[in-house]
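File shown: structure.cif. Contents: mmCIF, C-alpha atoms and all ligand atoms.
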data_input
#
loop_
_atom_site.label_atom_id
_atom_site.label_comp_id
_atom_site.auth_asym_id
_atom_site.auth_seq_id
_atom_site.Cartn_x
_atom_site.Cartn_y
_atom_site.Cartn_z
CA MET A 1 9.74 66.51 -24.14
CA THR A 2 12.61 68.46 -22.63
CA ALA A 3 14.07 68.19 -19.13
CA GLU A 4 12.38 71.44 -17.98
CA ASN A 5 9.09 70.39 -19.48
CA GLY A 6 9.31 66.70 -18.64
CA PHE A 7 6.88 63.82 -18.45
CA PHE A 8 5.77 64.41 -14.85
CA HIS A 9 5.04 68.04 -15.74
CA GLU A 10 2.70 66.74 -18.49
CA ILE A 11 0.89 64.52 -15.98
CA LEU A 12 0.46 67.45 -13.59
CA ALA A 13 -1.04 69.53 -16.42
CA THR A 14 -3.64 66.78 -17.02
CA LEU A 15 -4.32 66.63 -13.27
CA GLU A 16 -4.93 70.40 -13.30
CA ALA A 17 -7.32 70.07 -16.25
CA ALA A 18 -9.26 67.39 -14.34
CA ASN A 19 -9.32 69.55 -11.21
CA LYS A 20 -11.14 72.32 -13.13
CA HIS A 21 -14.10 69.93 -12.92
CA LEU A 22 -13.36 68.44 -9.50
CA ASN A 23 -12.50 71.59 -7.51
CA LEU A 24 -10.62 69.59 -4.88
CA PRO A 25 -9.64 71.20 -1.57
CA PRO A 26 -6.21 72.86 -2.14
CA ALA A 27 -4.42 70.50 0.29
CA THR A 28 -5.87 67.42 -1.44
CA PHE A 29 -4.79 68.76 -4.82
CA GLU A 30 -1.29 69.43 -3.46
CA ARG A 31 -1.14 65.92 -1.98
CA LEU A 32 -2.04 64.49 -5.39
CA SER A 33 0.70 66.56 -7.06
CA ILE A 34 3.51 65.05 -4.95
CA PRO A 35 4.64 61.41 -4.80
CA ARG A 36 4.33 59.82 -1.35
CA ARG A 37 7.72 58.08 -1.32
CA SER A 38 10.60 57.77 -3.80
CA LEU A 39 13.51 55.38 -3.40
CA ILE A 40 16.71 55.65 -5.45
CA VAL A 41 19.13 52.74 -5.27
CA SER A 42 22.55 51.97 -6.67
CA VAL A 43 22.68 48.49 -8.20
CA PRO A 44 26.18 46.98 -8.57
CA VAL A 45 26.31 44.13 -11.08
CA GLN A 46 29.19 41.88 -12.04
CA MET A 47 29.17 41.85 -15.84
CA ASP A 48 30.17 38.80 -17.90
CA ASN A 49 33.62 40.32 -18.53
CA GLY A 50 34.30 40.38 -14.76
CA ARG A 51 33.91 44.17 -14.36
CA ILE A 52 31.45 45.64 -11.87
CA ARG A 53 29.04 48.23 -13.23
CA PHE A 54 26.75 50.44 -11.15
CA PHE A 55 23.21 51.01 -12.41
CA THR A 56 20.65 53.39 -10.89
CA GLY A 57 17.29 51.96 -9.89
CA TYR A 58 14.10 53.63 -8.72
CA ARG A 59 10.81 52.73 -7.03
CA VAL A 60 8.20 55.43 -6.51
CA GLN A 61 5.04 54.85 -4.46
CA TYR A 62 2.88 57.70 -5.66
CA ASP A 63 -0.17 57.21 -3.47
CA THR A 64 -1.42 54.42 -1.19
CA ALA A 65 -4.71 55.87 0.11
CA ARG A 66 -6.79 53.17 -1.70
CA GLY A 67 -4.49 50.22 -0.89
CA PRO A 68 -1.04 48.76 -1.51
CA ALA A 69 1.00 50.49 -4.21
CA LYS A 70 0.90 48.71 -7.60
CA GLY A 71 2.83 49.12 -10.81
CA GLY A 72 5.45 47.72 -13.15
CA ILE A 73 9.23 47.78 -13.34
CA ARG A 74 10.91 48.90 -16.56
CA TYR A 75 14.44 48.43 -17.82
CA HIS A 76 15.39 51.13 -20.32
CA PRO A 77 18.32 53.49 -20.93
CA HIS A 78 16.00 56.53 -20.60
CA VAL A 79 14.65 55.64 -17.13
CA THR A 80 14.84 58.68 -14.83
CA LEU A 81 13.18 59.69 -11.56
CA ASP A 82 10.97 62.12 -13.52
CA GLU A 83 9.73 59.34 -15.81
CA ILE A 84 9.13 56.84 -12.99
CA THR A 85 7.28 59.47 -10.94
CA ALA A 86 5.02 60.32 -13.89
CA LEU A 87 4.29 56.63 -14.53
CA ALA A 88 3.59 56.05 -10.80
CA ALA A 89 1.04 58.90 -10.85
CA LEU A 90 -0.60 57.35 -13.93
CA MET A 91 -0.74 53.95 -12.16
CA THR A 92 -2.53 55.65 -9.24
CA TRP A 93 -5.23 57.10 -11.51
CA LYS A 94 -5.37 53.87 -13.58
CA CYS A 95 -6.00 51.56 -10.60
CA ALA A 96 -8.73 53.94 -9.43
CA VAL A 97 -10.37 54.23 -12.88
CA VAL A 98 -10.94 50.45 -12.88
CA ASP A 99 -11.75 50.62 -9.15
CA LEU A 100 -9.04 48.27 -7.85
CA PRO A 101 -8.15 48.43 -4.13
CA PHE A 102 -4.62 49.60 -5.00
CA GLY A 103 -2.57 52.76 -4.93
CA GLY A 104 -0.03 53.45 -7.68
CA ALA A 105 3.70 52.85 -8.03
CA LYS A 106 6.37 52.39 -10.69
CA GLY A 107 9.96 51.28 -10.72
CA GLY A 108 12.82 50.99 -13.14
CA VAL A 109 16.51 50.62 -13.74
CA ALA A 110 18.43 52.79 -16.20
CA CYS A 111 20.16 50.17 -18.35
CA ASP A 112 20.17 48.84 -21.90
CA PRO A 113 18.67 45.35 -21.52
CA THR A 114 19.09 44.64 -25.26
CA SER A 115 22.87 44.64 -24.84
CA MET A 116 22.93 42.51 -21.66
CA SER A 117 23.13 38.72 -21.32
CA GLN A 118 20.51 36.68 -19.41
CA GLY A 119 23.08 36.20 -16.62
CA GLU A 120 23.69 39.95 -16.34
CA LEU A 121 19.94 40.65 -16.35
CA MET A 122 19.40 38.05 -13.62
CA ARG A 123 22.13 39.55 -11.40
CA LEU A 124 20.78 43.06 -12.04
CA THR A 125 17.23 41.95 -11.16
CA ARG A 126 18.26 40.12 -8.01
CA ARG A 127 20.38 42.97 -6.65
CA TYR A 128 17.75 45.61 -7.55
CA THR A 129 15.09 43.49 -5.81
CA TYR A 130 17.31 43.19 -2.74
CA GLU A 131 17.85 46.97 -2.69
CA ILE A 132 14.10 47.70 -2.79
CA SER A 133 13.12 44.68 -0.64
CA THR A 134 12.24 46.77 2.41
CA PHE A 135 9.92 48.86 0.22
CA ILE A 136 7.93 46.11 -1.54
CA GLY A 137 5.73 43.23 -0.33
CA PRO A 138 2.28 41.73 -0.90
CA GLU A 139 0.76 44.10 1.67
CA SER A 140 2.69 47.23 0.69
CA ASP A 141 3.85 47.45 -2.92
CA ILE A 142 3.52 44.86 -5.68
CA PRO A 143 5.68 45.17 -8.83
CA ALA A 144 4.84 43.70 -12.26
CA PRO A 145 6.38 43.62 -15.75
CA ASP A 146 6.65 46.73 -17.91
CA VAL A 147 8.93 47.76 -20.80
CA TYR A 148 11.71 45.14 -21.32
CA THR A 149 10.80 43.10 -18.24
CA ASP A 150 8.82 39.86 -18.40
CA GLU A 151 7.72 36.68 -16.62
CA GLN A 152 11.33 35.62 -16.09
CA THR A 153 12.18 38.97 -14.47
CA MET A 154 9.21 38.50 -12.12
CA ALA A 155 10.31 34.93 -11.28
CA TRP A 156 13.76 36.25 -10.26
CA MET A 157 12.15 39.03 -8.20
CA MET A 158 9.79 36.58 -6.47
CA ASP A 159 12.66 34.19 -5.75
CA THR A 160 14.97 36.90 -4.37
CA PHE A 161 12.25 38.33 -2.11
CA SER A 162 11.28 34.81 -0.96
CA MET A 163 14.92 33.92 -0.18
CA ILE A 164 15.20 37.03 2.02
CA LYS A 165 11.99 36.03 3.86
CA GLY A 166 12.85 32.33 4.12
CA TYR A 167 9.58 31.16 2.55
CA SER A 168 7.79 31.56 -0.80
CA VAL A 169 5.92 34.83 -1.22
CA PRO A 170 4.15 34.60 -4.60
CA GLY A 171 2.02 37.70 -3.93
CA VAL A 172 5.02 40.07 -3.93
CA VAL A 173 4.93 40.44 -7.73
CA THR A 174 2.40 39.80 -10.49
CA GLY A 175 3.00 38.75 -14.08
CA LYS A 176 4.90 35.65 -12.85
CA PRO A 177 5.04 32.32 -14.68
CA VAL A 178 1.88 30.29 -13.94
CA CYS A 179 3.92 27.48 -12.30
CA ILE A 180 4.91 29.75 -9.39
CA GLY A 181 1.57 31.48 -8.83
CA GLY A 182 1.06 33.51 -11.99
CA SER A 183 -2.44 33.92 -13.37
CA LEU A 184 -3.88 32.45 -16.53
CA GLY A 185 -4.62 35.23 -18.99
CA ARG A 186 -2.05 37.70 -17.58
CA ALA A 187 0.32 37.58 -20.57
CA SER A 188 -2.25 39.02 -23.00
CA ALA A 189 -4.41 40.88 -20.43
CA THR A 190 -3.30 44.42 -21.37
CA SER A 191 -4.13 43.78 -25.03
CA ASP A 192 -7.36 41.91 -24.20
CA GLY A 193 -8.49 44.94 -22.17
CA LEU A 194 -7.46 47.28 -24.98
CA VAL A 195 -9.54 45.37 -27.52
CA ILE A 196 -12.55 45.49 -25.16
CA THR A 197 -12.26 49.31 -25.00
CA VAL A 198 -11.97 49.44 -28.80
CA MET A 199 -15.15 47.33 -29.15
CA GLU A 200 -17.02 49.69 -26.84
CA ALA A 201 -15.68 52.72 -28.73
CA LEU A 202 -16.79 51.21 -32.06
CA LYS A 203 -20.32 50.72 -30.71
CA HIS A 204 -20.34 54.32 -29.47
CA LEU A 205 -19.13 55.65 -32.83
CA ASN A 206 -21.33 53.31 -34.88
CA LEU A 207 -18.39 51.64 -36.57
CA SER A 208 -17.69 47.98 -37.17
CA MET A 209 -14.70 45.79 -36.31
CA LYS A 210 -15.07 43.73 -39.49
CA GLY A 211 -12.41 44.90 -41.93
CA MET A 212 -11.43 47.93 -39.82
CA THR A 213 -7.88 48.99 -40.72
CA VAL A 214 -5.34 49.18 -37.89
CA THR A 215 -1.79 50.41 -37.35
CA VAL A 216 0.15 49.30 -34.29
CA LEU A 217 3.24 51.18 -33.09
CA GLY A 218 5.43 48.95 -30.95
CA PHE A 219 5.65 45.17 -31.35
CA GLY A 220 6.53 44.15 -27.79
CA LYS A 221 4.16 42.32 -25.44
CA VAL A 222 1.28 44.80 -25.75
CA GLY A 223 1.64 45.62 -29.46
CA PHE A 224 2.05 42.00 -30.56
CA HIS A 225 -0.97 40.68 -28.62
CA ALA A 226 -3.09 43.70 -29.66
CA ALA A 227 -2.31 43.06 -33.34
CA ARG A 228 -2.97 39.33 -32.93
CA ILE A 229 -6.30 39.76 -31.11
CA LEU A 230 -7.56 42.54 -33.40
CA ASP A 231 -6.72 40.35 -36.40
CA SER A 232 -8.56 37.40 -34.80
CA VAL A 233 -11.75 39.44 -34.33
CA GLY A 234 -11.87 40.55 -37.96
CA ALA A 235 -9.88 43.81 -38.09
CA LYS A 236 -7.18 44.26 -40.77
CA VAL A 237 -3.75 45.18 -39.36
CA ILE A 238 -2.04 47.06 -42.20
CA GLY A 239 0.90 48.66 -40.40
CA VAL A 240 3.24 47.66 -37.58
CA ALA A 241 6.33 49.47 -36.30
CA ASP A 242 9.01 48.76 -33.71
CA SER A 243 11.95 50.85 -32.47
CA LYS A 244 13.84 50.26 -35.75
CA GLY A 245 11.07 51.31 -38.18
CA GLY A 246 7.81 50.12 -39.66
CA VAL A 247 6.24 48.00 -42.35
CA LEU A 248 2.99 48.59 -44.27
CA ASN A 249 0.77 46.33 -46.37
CA ASN A 250 -2.62 47.77 -47.28
CA ASP A 251 -3.95 44.24 -47.89
CA GLY A 252 -3.21 43.30 -44.27
CA LEU A 253 -0.13 41.84 -42.56
CA ASP A 254 0.15 38.17 -41.53
CA ILE A 255 0.73 38.76 -37.78
CA ALA A 256 2.04 35.28 -36.93
CA ALA A 257 4.52 35.43 -39.84
CA LEU A 258 5.51 38.98 -38.82
CA ALA A 259 6.19 37.83 -35.23
CA LYS A 260 8.40 35.04 -36.58
CA HIS A 261 10.23 37.53 -38.81
CA LYS A 262 10.85 39.77 -35.79
CA ALA A 263 12.08 36.82 -33.69
CA ASP A 264 14.48 35.83 -36.52
CA THR A 265 15.78 39.28 -37.51
CA GLY A 266 15.16 41.46 -34.42
CA THR A 267 12.82 43.85 -36.26
CA VAL A 268 9.58 44.02 -38.25
CA CYS A 269 11.46 45.91 -41.00
CA GLY A 270 12.10 43.89 -44.10
CA PHE A 271 8.95 41.80 -43.73
CA ARG A 272 7.41 40.82 -47.06
CA PRO A 273 4.84 41.25 -48.52
CA GLY A 274 5.11 44.80 -47.18
CA THR A 275 6.87 48.14 -47.63
CA ASN A 276 9.39 49.54 -45.15
CA MET A 277 8.66 52.99 -43.78
CA SER A 278 9.43 55.26 -40.85
CA VAL A 279 7.07 55.55 -37.86
CA ASP A 280 6.14 59.10 -38.93
CA GLU A 281 5.22 57.86 -42.43
CA LEU A 282 3.27 54.96 -40.97
CA LEU A 283 1.10 57.40 -38.97
CA GLY A 284 -0.18 58.62 -42.33
CA ALA A 285 -1.38 55.13 -43.31
CA PRO A 286 -5.12 54.84 -44.04
CA ALA A 287 -5.93 53.14 -40.71
CA THR A 288 -9.15 53.77 -38.79
CA LEU A 289 -7.56 52.64 -35.51
CA LEU A 290 -4.09 53.52 -34.26
CA VAL A 291 -2.61 51.62 -31.31
CA PRO A 292 0.53 53.30 -29.96
CA ALA A 293 2.09 50.59 -27.79
CA ALA A 294 5.72 51.60 -27.30
CA LEU A 295 6.96 54.48 -25.14
CA GLU A 296 5.62 57.81 -23.90
CA GLY A 297 5.81 60.85 -26.17
CA GLN A 298 5.87 58.77 -29.37
CA ILE A 299 3.22 61.00 -30.92
CA HIS A 300 4.23 64.63 -30.69
CA ILE A 301 3.62 67.97 -32.32
CA GLY A 302 6.09 67.10 -35.10
CA ASN A 303 4.20 64.03 -36.36
CA VAL A 304 0.63 64.27 -34.99
CA ARG A 305 -0.76 65.94 -38.10
CA ASN A 306 0.18 62.88 -40.18
CA ILE A 307 -2.44 60.83 -38.33
CA LYS A 308 -5.47 59.66 -40.33
CA ALA A 309 -7.00 57.43 -37.63
CA ARG A 310 -10.43 58.14 -36.12
CA ILE A 311 -9.73 56.16 -32.95
CA ILE A 312 -6.53 55.89 -30.94
CA ALA A 313 -6.28 53.27 -28.19
CA GLU A 314 -3.21 53.85 -26.02
CA GLY A 315 -1.45 50.55 -25.34
CA ALA A 316 1.50 52.49 -23.91
CA ASN A 317 1.33 54.92 -20.99
CA ASN A 318 0.98 58.49 -22.34
CA PRO A 319 2.30 57.87 -25.86
CA ILE A 320 0.86 61.27 -26.91
CA THR A 321 2.33 64.55 -25.65
CA ASN A 322 -0.17 67.09 -24.25
CA GLU A 323 0.45 69.42 -27.19
CA ALA A 324 -0.28 66.67 -29.71
CA ASP A 325 -3.31 65.58 -27.69
CA LYS A 326 -4.89 69.04 -28.22
CA VAL A 327 -4.42 68.72 -31.98
CA LEU A 328 -6.18 65.34 -31.92
CA ALA A 329 -9.02 66.65 -29.74
CA ASP A 330 -9.56 69.57 -32.15
CA ALA A 331 -9.61 67.12 -35.06
CA GLY A 332 -12.28 65.04 -33.29
CA VAL A 333 -10.13 61.90 -32.96
CA PHE A 334 -11.55 59.58 -30.28
CA VAL A 335 -8.59 58.89 -27.97
CA ILE A 336 -8.98 56.10 -25.39
CA PRO A 337 -6.36 57.05 -22.77
CA GLY A 338 -3.87 54.52 -21.44
CA ILE A 339 -5.28 54.68 -17.90
CA LEU A 340 -8.36 53.01 -19.38
CA ALA A 341 -7.19 51.35 -22.63
CA ASN A 342 -4.22 49.51 -21.10
CA ALA A 343 -5.70 48.91 -17.62
CA GLY A 344 -6.45 45.24 -18.46
CA GLY A 345 -2.90 44.38 -17.41
CA VAL A 346 -3.23 45.67 -13.89
CA VAL A 347 -6.77 44.28 -13.60
CA VAL A 348 -5.47 40.74 -14.19
CA SER A 349 -2.49 41.56 -11.94
CA TYR A 350 -5.10 42.24 -9.26
CA PHE A 351 -6.72 38.85 -10.00
CA GLU A 352 -3.27 37.23 -9.75
CA TRP A 353 -2.59 38.87 -6.36
CA VAL A 354 -6.02 37.81 -5.03
CA GLN A 355 -5.41 34.22 -6.22
CA ASP A 356 -1.93 34.20 -4.63
CA LEU A 357 -3.28 35.47 -1.29
CA GLN A 358 -6.09 32.86 -1.35
CA ARG A 359 -3.88 30.06 -2.74
CA TYR A 360 -6.84 29.27 -4.99
CA PHE A 361 -6.64 29.62 -8.75
CA TRP A 362 -9.33 30.47 -11.30
CA ASP A 363 -9.76 29.15 -14.82
CA GLU A 364 -9.15 31.36 -17.85
CA ALA A 365 -12.85 31.77 -18.70
CA GLU A 366 -13.47 33.23 -15.21
CA ILE A 367 -10.61 35.69 -15.67
CA LYS A 368 -11.77 36.81 -19.15
CA LYS A 369 -15.35 37.23 -17.91
CA ARG A 370 -14.35 39.36 -14.92
CA LEU A 371 -11.86 41.38 -17.03
CA THR A 372 -14.49 42.13 -19.67
CA SER A 373 -17.00 43.21 -17.07
CA ILE A 374 -14.57 45.60 -15.28
CA ILE A 375 -13.20 47.18 -18.48
CA SER A 376 -16.62 47.66 -20.13
CA LYS A 377 -18.08 49.18 -16.96
CA SER A 378 -15.11 51.54 -16.58
CA PHE A 379 -15.33 52.56 -20.26
CA HIS A 380 -18.94 53.61 -19.80
CA GLU A 381 -18.24 55.44 -16.55
CA VAL A 382 -15.54 57.43 -18.34
CA LEU A 383 -17.75 58.03 -21.40
CA ASP A 384 -20.56 59.32 -19.16
CA ILE A 385 -18.21 61.85 -17.50
CA SER A 386 -16.90 62.88 -20.91
CA ARG A 387 -20.46 63.62 -22.08
CA LYS A 388 -21.62 65.27 -18.86
CA ASP A 389 -18.54 67.49 -18.39
CA LYS A 390 -17.99 67.95 -22.15
CA VAL A 391 -14.36 66.83 -21.95
CA ASP A 392 -12.24 64.39 -23.93
CA MET A 393 -11.83 60.80 -22.72
CA ARG A 394 -8.39 61.46 -21.15
CA THR A 395 -9.68 64.29 -18.98
CA ALA A 396 -12.79 62.24 -18.15
CA ALA A 397 -10.73 59.19 -17.08
CA THR A 398 -8.45 61.42 -15.01
CA ILE A 399 -11.50 63.02 -13.36
CA LEU A 400 -12.85 59.57 -12.44
CA GLY A 401 -9.53 58.19 -11.14
CA VAL A 402 -8.47 61.30 -9.25
CA LYS A 403 -11.95 61.70 -7.72
CA ARG A 404 -11.74 58.19 -6.26
CA VAL A 405 -8.22 58.72 -4.90
CA ALA A 406 -9.19 62.11 -3.42
CA GLU A 407 -12.22 60.56 -1.70
CA ALA A 408 -9.97 57.98 -0.03
CA ILE A 409 -7.45 60.64 1.03
CA ASN A 410 -10.16 62.84 2.48
CA VAL A 411 -12.06 60.14 4.37
CA ARG A 412 -8.83 58.74 5.87
CA GLY A 413 -7.78 62.21 7.03
CA LEU A 414 -4.33 63.39 8.00
CA TYR A 415 -1.99 61.40 10.27
CA PRO A 416 -1.22 62.10 13.15
N1 LIG B 1 3.15 47.78 -16.33
C1 LIG B 1 1.75 47.64 -16.50
C2 LIG B 1 1.07 49.00 -16.55
O1 LIG B 1 1.68 49.99 -16.87
C3 LIG B 1 1.12 46.69 -15.49
C4 LIG B 1 1.21 47.12 -14.06
C5 LIG B 1 0.74 46.05 -13.07
O2 LIG B 1 0.19 45.04 -13.49
O3 LIG B 1 0.97 46.26 -11.89
O4 LIG B 1 -0.12 49.10 -16.35
#
What do you get writing this file as structure tokens?
Ligand code: GLU
Amino acid sequence: MTAENGFFHEILATLEAANKHLNLPPATFERLSIPRRSLIVSVPVQMDNGRIRFFTGYRVQYDTARGPAKGGIRYHPHVTLDEITALAALMTWKCAVVDLPFGGAKGGVACDPTSMSQGELMRLTRRYTYEISTFIGPESDIPAPDVYTDEQTMAWMMDTFSMIKGYSVPGVVTGKPVCIGGSLGRASATSDGLVITVMEALKHLNLSMKGMTVTVLGFGKVGFHAARILDSVGAKVIGVADSKGGVLNNDGLDIAALAKHKADTGTVCGFRPGTNMSVDELLGAPATLLVPAALEGQIHIGNVRNIKARIIAEGANNPITNEADKVLADAGVFVIPGILANAGGVVVSYFEWVQDLQRYFWDEAEIKKRLTSIISKSFHEVLDISRKDKVDMRTAATILGVKRVAEAINVRGLYP
């Protein structure tokens, strides 16, 4: 993706494709094409060497017609306003696809967290939280983890916001440690939801989980848990890649041993038994299911034709460029879009927020049951639209999400 033809531009093209079926009033369509509010902040941080560095942070509230804005915070060198805006739009459609009473938001800081110490990351997180503290809150905008942020990041955010208020406000972020108001089941929720969508897709396509071959791109929170859960329900994970490269074993990889190898060496590369290969080569592996779970644009026109998979479940947000998506659609690959496949994370974030507001916590079985019911129902709603309107699953999910957001915008009307 180039600067002129960036990520947000791709999201708008998908919105336009959905609108061919929705025929929204022009003003509603325009409203949906523009973020509601965007905040850019400068984040000064004292580094361990005593120097002060200035990082740029963002928080975009794309739409709030259906409720408080919701979405993660990412730390990555490539974070830009364009990227955060695109991801905030996707969060808006995603929350609506699974029918949560939330709008959509996203935030991020342009930094390289892999080269920063825990102390530097804590100071960065606290100052960034302070800078966006007038923007966020349990009633207005609720952040969560995303790429290179985790439970610890959320604990620092919750603490900083609570210190400003003078009392504990657990509901300001989700994805917190359980001891300060986090929810059971949140850590693996995105991957749990993804596996539920895969199970529904397998039923639809008359395929079986038992022995199904899988390749997972990205071995962070989403990729690791997806590989682990798929393995535990009988699939055979033959390929895994991270940002440094991939590893393949046609007999199946030992996921627990692979996770230990990554913790010890920093990468999945070099794991044995297995063969090292590039991500592009790994796409050509004989896997029925492909789970891209790293960053957007990972599958593009230059590597899409390598893909052998029949099903793709997007753990990441928009890992496939629009151009590559067309190639897959023409080839009849069943793509479960991220706004459905990875929505399990925000669904359990919603449960966490509800539990925080009620100060009453549910057991894990309750969470899994409710998650399964929401994701399965949403899958079938999207599948029905895809059949009725004769569109792929991405367009169908966008139609469903955007329709719900547009309804809320229209019934609320224009202020003043
Ligand atoms: N970052 C996750 C996503 O992209 C979770 C967002 C949330 O829980 O608010 O869906």
Skip segment 29-32 of chain A itself and residues of its chain fewer than 4 positions away, then list as a VMD selection string all residues within 9 Å of it, counting all atoms listed in the file. chain A and resid 15 to 16 19 23 to 25 36 62 to 63 89 402 405 to 406 409
Under the rule of at most 10 Å, produce a per-residue listing of chain A near ligand LIG 1 (chain B): chain, number, name, the closest pair of atoms, and the distance in Å, as JSON lines, using only C-alpha atoms and all ligand atoms.
{"residue": "A:Ala69", "atom": "CA", "partner": "B:LIG1", "partner_atom": "O3", "distance": 8.8}
{"residue": "A:Lys70", "atom": "CA", "partner": "B:LIG1", "partner_atom": "O3", "distance": 4.9}
{"residue": "A:Gly71", "atom": "CA", "partner": "B:LIG1", "partner_atom": "O3", "distance": 3.6}
{"residue": "A:Gly72", "atom": "CA", "partner": "B:LIG1", "partner_atom": "N1", "distance": 3.9}
{"residue": "A:Ile73", "atom": "CA", "partner": "B:LIG1", "partner_atom": "N1", "distance": 6.8}
{"residue": "A:Arg74", "atom": "CA", "partner": "B:LIG1", "partner_atom": "N1", "distance": 7.8}
{"residue": "A:Leu87", "atom": "CA", "partner": "B:LIG1", "partner_atom": "O1", "distance": 7.5}
{"residue": "A:Ala88", "atom": "CA", "partner": "B:LIG1", "partner_atom": "O1", "distance": 8.8}
{"residue": "A:Leu90", "atom": "CA", "partner": "B:LIG1", "partner_atom": "O1", "distance": 8.2}
{"residue": "A:Met91", "atom": "CA", "partner": "B:LIG1", "partner_atom": "O4", "distance": 6.4}
{"residue": "A:Thr92", "atom": "CA", "partner": "B:LIG1", "partner_atom": "O4", "distance": 10.0}
{"residue": "A:Lys94", "atom": "CA", "partner": "B:LIG1", "partner_atom": "O4", "distance": 7.6}
{"residue": "A:Cys95", "atom": "CA", "partner": "B:LIG1", "partner_atom": "O4", "distance": 8.6}
{"residue": "A:Phe102", "atom": "CA", "partner": "B:LIG1", "partner_atom": "O3", "distance": 9.5}
{"residue": "A:Gly104", "atom": "CA", "partner": "B:LIG1", "partner_atom": "O3", "distance": 8.4}
{"residue": "A:Ala105", "atom": "CA", "partner": "B:LIG1", "partner_atom": "O3", "distance": 8.1}
{"residue": "A:Lys106", "atom": "CA", "partner": "B:LIG1", "partner_atom": "N1", "distance": 8.0}
{"residue": "A:Gly107", "atom": "CA", "partner": "B:LIG1", "partner_atom": "N1", "distance": 9.5}
{"residue": "A:Asp141", "atom": "CA", "partner": "B:LIG1", "partner_atom": "O3", "distance": 9.5}
{"residue": "A:Ile142", "atom": "CA", "partner": "B:LIG1", "partner_atom": "O3", "distance": 6.9}
{"residue": "A:Pro143", "atom": "CA", "partner": "B:LIG1", "partner_atom": "O3", "distance": 5.7}
{"residue": "A:Ala144", "atom": "CA", "partner": "B:LIG1", "partner_atom": "O3", "distance": 4.7}
{"residue": "A:Pro145", "atom": "CA", "partner": "B:LIG1", "partner_atom": "N1", "distance": 5.3}
{"residue": "A:Asp146", "atom": "CA", "partner": "B:LIG1", "partner_atom": "N1", "distance": 4.0}
{"residue": "A:Val147", "atom": "CA", "partner": "B:LIG1", "partner_atom": "N1", "distance": 7.3}
{"residue": "A:Thr149", "atom": "CA", "partner": "B:LIG1", "partner_atom": "N1", "distance": 9.2}
{"residue": "A:Asp150", "atom": "CA", "partner": "B:LIG1", "partner_atom": "N1", "distance": 10.0}
{"residue": "A:Val173", "atom": "CA", "partner": "B:LIG1", "partner_atom": "O3", "distance": 8.2}
{"residue": "A:Thr174", "atom": "CA", "partner": "B:LIG1", "partner_atom": "O2", "distance": 6.4}
{"residue": "A:Gly175", "atom": "CA", "partner": "B:LIG1", "partner_atom": "O2", "distance": 6.9}
{"residue": "A:Arg186", "atom": "CA", "partner": "B:LIG1", "partner_atom": "O2", "distance": 8.7}
{"residue": "A:Ala189", "atom": "CA", "partner": "B:LIG1", "partner_atom": "O2", "distance": 9.3}
{"residue": "A:Thr190", "atom": "CA", "partner": "B:LIG1", "partner_atom": "O4", "distance": 7.6}
{"residue": "A:Val222", "atom": "CA", "partner": "B:LIG1", "partner_atom": "C1", "distance": 9.7}
{"residue": "A:Gly315", "atom": "CA", "partner": "B:LIG1", "partner_atom": "O1", "distance": 9.0}
{"residue": "A:Ala316", "atom": "CA", "partner": "B:LIG1", "partner_atom": "O1", "distance": 7.5}
{"residue": "A:Asn317", "atom": "CA", "partner": "B:LIG1", "partner_atom": "O1", "distance": 6.4}
{"residue": "A:Gly338", "atom": "CA", "partner": "B:LIG1", "partner_atom": "O4", "distance": 8.3}
{"residue": "A:Ile339", "atom": "CA", "partner": "B:LIG1", "partner_atom": "O4", "distance": 7.8}
{"residue": "A:Leu340", "atom": "CA", "partner": "B:LIG1", "partner_atom": "O4", "distance": 9.6}
{"residue": "A:Ala341", "atom": "CA", "partner": "B:LIG1", "partner_atom": "O4", "distance": 9.7}
{"residue": "A:Asn342", "atom": "CA", "partner": "B:LIG1", "partner_atom": "O4", "distance": 6.3}
{"residue": "A:Ala343", "atom": "CA", "partner": "B:LIG1", "partner_atom": "O4", "distance": 5.7}
{"residue": "A:Gly344", "atom": "CA", "partner": "B:LIG1", "partner_atom": "O4", "distance": 7.7}
{"residue": "A:Gly345", "atom": "CA", "partner": "B:LIG1", "partner_atom": "C3", "distance": 5.0}
{"residue": "A:Val346", "atom": "CA", "partner": "B:LIG1", "partner_atom": "O2", "distance": 3.5}
{"residue": "A:Val347", "atom": "CA", "partner": "B:LIG1", "partner_atom": "O2", "distance": 7.0}
{"residue": "A:Val348", "atom": "CA", "partner": "B:LIG1", "partner_atom": "O2", "distance": 7.1}
{"residue": "A:Ser349", "atom": "CA", "partner": "B:LIG1", "partner_atom": "O2", "distance": 4.7}
{"residue": "A:Tyr350", "atom": "CA", "partner": "B:LIG1", "partner_atom": "O2", "distance": 7.3}
{"residue": "A:Phe351", "atom": "CA", "partner": "B:LIG1", "partner_atom": "O2", "distance": 9.9}
{"residue": "A:Glu352", "atom": "CA", "partner": "B:LIG1", "partner_atom": "O2", "distance": 9.3}
{"residue": "A:Trp353", "atom": "CA", "partner": "B:LIG1", "partner_atom": "O2", "distance": 9.8}
Within 12 Å of segment 157-166 of chain A using only C-alpha atoms, minus same-chain residues under 6 positions, as a PyMOL selection string: chain A and resi 73+121-138+142-145+149-151+172-177+180-182
Would you kindly return, as a ChimeraX atom specification, each protein, DNA or RNA residue with an atom no farther than 9 Å from any atom of Ala397 of chain A, considering all atoms listed in the file and excluding same-chain residues fewer than 6 positions away? /A:18,93-94,97,337,339-340,378-379,381-383,385-386
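Of the listed residues (A:Val169, A:Ala226, A:Met47, A:Ile11), A:Ile11 comes nearest to Ile34 of chain A; the distances count all atoms listed in the file.
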